[in-house]
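Quick notes on the structure that follows.
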Amino acid sequence: MAQPLVKKDDDRDDEEYSPFLGIEKGAVLQEARVFNDPQLDPRRCSQVITKLLYLLNQGETFTKIEATEVFFAVTKLFQSRDIGLRRMVYLMIKELSPSADEVIIVTSSLMKDMTSKTDMYRANAIRVLCRITDGTLLTQIERYLKQAIVDKNPVVASAALVSGIHLLETTPEIVKRWSNEVQEAVQSRAALVQFHALALLHQIRQNDRLAVSKLVTSLTRGTVRSPLAQCLLIRYTTQVIREAATTQTGDRPFYDFLESCLRHKAEMVIFEAARAITELNGVTNRELTPAITVLQLFLSSSKPVLRFAAVRTLNKVAMTHPMAVTNCNIDMESLISDQNRSIATLAITTLLKTGNESSVDRLMKQITNFMSDIADEFKIVVVEAIRSLCLKFPLKYRSLMNFLSNILREEGGFEYKKAIVDSIVILIRDIPDAKENGLLHLCEFIEDCEFTYLSTQILHFLGTEGPKTSDPSKYIRYIYNRVHLENATVRAAAVSTLAKFGAMVDALKPRVFVLLRRCLYDGDDEVRDRATLYLNTVGSDGEVIETDKVVKDFLFGSLDIPLANIETSLKNYEPAEQPFDINSVPKEVKTQPLAEKKAPGKKPAGLGAPPSGPPSTVDAYEKLLSSIPEFSDFGKLFKSSAPVELTEAETEYAVNVVKHIFDRHVVFQYNCTNTIPEQLLENVTVIVDASEAEEFAEVASKPLRSLPYDSPGQIFGAFEKPEGVPAVGKFSNMLRFIVKEVDPTTGDVEDDGVEDEYQLEDLEVVAADYVMKVGVSNFRNAWESIGPDFERVDEYGLGPRESLAEAVSAVISLLGMQPCEGTEVVANNSRSHTCLLSGVFIGNVKVLVRLQFGIDGPKEVAMKLAVRSEDDNVSDMIHEIVASG
Amino acid sequence: MILAVLFANSEGNILVERFNGVPAEERLHWRSFLVKLGADNLKGVKNEELLVASHKSVYIVYTVLGDVSIFVVGKDEYDELALAEVIFAITSAVKDACGKIPTERLFLDKYGKICLCLDEIVWKGLLENTEKDRIRRLVRLKPPNEF
């Protein structure tokens with residue numbers, strides 16, 4: 001906090017007298033007694049109310065008793081006919097927001113004002129009443145409010161309309177009855193009434209698409225007087241366009257209206273229209289051009305707000321249509337020196353997105369001057385933009401990496417430093433030439449790093465990448481320095497890193513062991529334990545022995561299990577005779593909810609483990625299945641699919657199915673819900689016809705004895721299949737049950753039931769069901785370590801596709817594998833894309849896939865598929881999946 | 001929603017603060033954030049020149065008027081341009097109530113009237129009135145001129 005937040009009158013001896021000098025709550029409350037005087041002095045009363053307002057506006061609070069006392073006293077002021085005082089009283093009552101049992105004192109006075117002939121009393125009384133009222137009182141005054149909405153005095157109408165907007169949150173059923181009046185108010189000649197009425201009408205009808213569409217259609221043809229209302233209209237129009245876009249083709253509806261708004265006289269409207277156009281789904285360059293032109297003009301506006309708004313919008317456009325924004329680059333470069341740092345940062349990051357290779361050096365020079373005077377949060381944005389730029393122009397890595405290492409040496413908080421380190425790590429991973437240079441920058445950084453977290457992460461990274469460089473010995477000094485100079489956490493990490501160098505670089509081994517032995521006397525037990533472990537496993541007593549691959553894998557291999565899964569399994573593990581078995585931890589990465597995937601700003605993590613999903617439901621499935629005796633000898637569950645819906649939404653019975661894959665069996669778990677309160681289902685089974693699934697034979701089924709209303713139950717069916725073979729097939733399903741009538745009021749069930757059937761959708765077991773999503777932290781390393789022995793490469797034509805992104809996601813879901821390093825995202829308008837996938841095939845065979853897509857003019861997509869796995873059959877199998885898909 | 005309207009003197013002390021839909025425990029954070037924003041950026045800024053910032057999904061438009069700094073915070077439909085409209089209504093109403101660009105003393109002298117003006121401009125987070133003449137009449141319970 002830059003300034004002390006003390007009250008104005010506490011902190012200085014003003015040479016000027018302040019009217020609130022020495023104000024104290026207790027004294028003001030005493031003064032409020034004047035409200036009770038039989039002969040009211042309006043001027044004095046107004047002064048006291050002002051003091052009370054001053055206290056409240058400074059965050060002072062009144063106790064319940066104090067507030068009640070003041071409130072009762074204020075209500076006495078309704079006796080005065082002084083207009084100024086009355087206005088103050090209205091405000092004061094709103095500020096005090098009395099409790100429900102106190103409101104009654106003031107309602108009659110307010111109701112009187114509400115029906116008063118003086119318009120302004122009416123307007124204010126409406127506002128106060130709506131602020132303090134509850135549902136019951138509202139029904140009493142509803143008639144007056146409806147009249148007020150169409151009152152010829154715009155202030156009264158606005159008061160009622162704005163009250164409506166607030167009341168819609170608490171008592172929507174009442175406000176929705178006012179639509180006719182609000183509709184009339186939308187046509188009002190008074191600008192603000194139109195604005196408020198439009199806002200309320202839209203809120204009332206927001207869930208009725210057709211009504212909103214009609215509203216927009218009629219208003220876009222007519223005239224809207226208020227610029228504010230026009231802005232609202234533009235927003236509602238884009239909403240209609242968005243919803244219509246999926247069903248209509250050809251010309252975009254309402255585009256002409258948006259385009260005409262670009263010539264409106266109010267800047268606010270022009271900007272709103274420009275922004276709406278840039279945010280249209282699949283906006284074309286032709287549609288975009290006029291909007292970009294007006295935004296470009298705003299960039300050189302004298303008003304900072306307009307400059308900010310324009311550069312913010314262009315920044316967003318640059319993410320999807322960088323070429324469309326390049327025309328504005330000159331204007332944007334002049335904004336780098338803008339006094340407003342928010343504008344300057346946005347300008348820089350936009351330029352970084354739209355710049356070309358030749359402008360990089362010039363831009364970096366400008367940014368260097370700029371970095372010193374912005375705050376950390378802005379710096380992080382710049383760092384992230386530079387990272388993307390470097391990945392875009394890998395040849396420029398030298399200057400960009402130098403820039404990152406320079407700012408790494410300057411002052412900064414944790415988040416900022418972490419952003420820089422993450423960026424350097426990503427550049428090292430993706431640009432091989434940048435590796436040695438980048439690692440040295442990181443080494444220098446940990447020499448003087450105050451953040452334990454970053455030091456340990458960098459040490460871990462050094463251990464992975466350092467031994468693979470041309471001269472690994474040069475990193476040892478930096479690592480061993482940590483053992484002398486840092487806290488225990490960092491020291492322990494340094495020991496592990498040293499051991500990795502020793503294990504992976506034979507030439508260094510004897511010397512590293514000398515260093516490790518010194519760590520045996522460290523003051524911290526973790527450091528000593530690690531040193532002991534490494535010395536005893538990797539080699540002993542100074543003898544250089546050939547390190548066993550198993551030992552290396554055990555010590556330094558990647559875990560290959562999502563951390564969230566191992567955490568859940570460990571939490572579920574109860575101390576027992578049997579030790580914890582890491583092989584029992586499910587390896588499946590759960591897909592994240594869509595909303596989370598789309599979260600803006602989510603960048604691939606630089607350091608640490610691959611992204612892991614939320615706690616999995618695999619455990620729950622495993623527990624459930626192992627509790628059913630029929631399935632207990634099926635062995636270990638390999639994979640459970642996501643639920644597949646077998647019924648339409650909102651049908652009588654909702655059924656979805658989860659496919660559980662075992663080595664020799666497949667279990668279908670039908671999750672059923674009865675949505676009819678008047679029915680109870682008994683003896684519920686699913687009759688499965690497997691005639692189109694020749695390799696499967698039904699071995700067991702488990703019906704559901706009863707399925708009451710709204711309490712889900714499960715039915716199981718188990719099939720045997722050839723071991724280790726990814727058998728596929730189609731199953732048709734029929735729900736069979738006895739239905740009994742239920743009296744929903746008493747819950748009584750009739751004794752007699754009727755047998756009935758309900759057709760469900762077909763279910764397919766596909767090849768993707770035999771592949772488990774298991775990510776790898778570094779695809780390149782994993783690809784190289786599997787080797788080309790069982791590599792299979794082929795090319796496929798995927799035919800005409802809507803877009804490249806659509807083709808990529810179709811292949812990903814066909815294979816059912818885990819996309820790595822964010823490669824499932826396809827940049828807009830790109831003509832080619834590489835997607836990396838990893839997974840484990842049934843039988844625990846690791847498999848990696850590299851997909852290269854290209855699209856040509858008529859949207860024909862071609863794909864090159866390279867598969868590497870530990871088994872040639874599996875590599876072939878992946879090709880078969882694609883060939884037959 | 002207009003989340004906050006805040007007035008501070010040149011030393012960063014709060015003169016008026018009105019929050020809408022901001023939980024009580026977050027108000028102190030907002031108050032210090034805004035005051036710091038003002039201290040960092042408002043030095044040497046001309047009267048009524050608007051500055052703008054965004055913090056997460058929230059927009060802030062602020063300015064200086066005589067001895068007083070004014071901050072308006074909004075989100076959703078109250079983006080930087082809508083807030084510019086709000087702050088313009090506020091600055092013109094304050095100038096009108098004070099008769100000129102306010103000193104801190106003048107601002108405090110006219111405190112009651114300014115509170116009434118604010119009440120007419122922002123009501124529970126929604127913009128209600130924008131024109132200073134109309135606001136001047138409304139705080140005196142007079143119907144607007146155009147009516």
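Ordering of the structure tokens sets the chain letters (A, B, ...), residue numbers begin anew at 1 in every chain, and ligands are numbered from 1 in the order given.
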| task | Identify every residue of chain B that has at least one atom within 6 Å of any atom of chain A, counting only C-alpha atoms, and report the result as a ChimeraX atom specification. | result | /B:12-13,16-17,32,36,52-53,112,140-141
| message | Which residues are close to B:Lys56, i.e. within 12 Å by only C-alpha atoms, leaving aside same-chain residues fewer than 3 positions away? Reply as a list of chain:residue names. | response | A:Glu377, A:Phe378, A:Pro600, A:Gly601, B:Ala53, B:Tyr59, B:Ile60, B:Val73, B:Gly74, B:Lys75, B:Asp76
| task | Pick out the residues sitting within 9 Å of B:Ile135, and hand them over as a ChimeraX atom specification; count only C-alpha atoms, and ignore anything fewer than 3 positions along from it in its own chain. | result | /B:93,116-117,120-121,129-132,138-140,144
| message | Taking only stretch 630-772 of chain A into account, list the residues labelled strand (DSSP E or B) by DSSP (computed from the backbone), as number ranges by chain. | response | A: 639-640, 644-645, 653-661, 665-674, 679-692, 697-702, 704-707, 709, 713-720, 729-742, 749-759, 763-765, 771-772
| message | Show me, as a VMD selection string, the residues that have an atom within 8 Å of B:Leu34 when counting only C-alpha atoms, minus same-chain residues fewer than 4 positions from it. | response | chain B and resid 30 38 71
Could you dump the residues just selected with N, CA and C atoms as a PDB file, in the first residue's frame?
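File produced: out02.pdb:
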```pdb
ATOM      1  N   TRP B  30      -9.301  -3.864  -2.599  1.00  0.00           N
ATOM      2  CA  TRP B  30      -9.603  -2.969  -3.714  1.00  0.00           C
ATOM      3  C   TRP B  30      -9.189  -1.540  -3.395  1.00  0.00           C
ATOM      4  N   GLY B  38      -3.477   5.031  -8.208  1.00  0.00           N
ATOM      5  CA  GLY B  38      -3.503   6.484  -8.321  1.00  0.00           C
ATOM      6  C   GLY B  38      -2.146   7.087  -7.999  1.00  0.00           C
ATOM      7  N   PHE B  71     -12.046   7.143  -8.911  1.00  0.00           N
ATOM      8  CA  PHE B  71     -11.842   5.821  -9.506  1.00  0.00           C
ATOM      9  C   PHE B  71     -13.199   5.165  -9.719  1.00  0.00           C
TER      10      PHE B  71
END
```
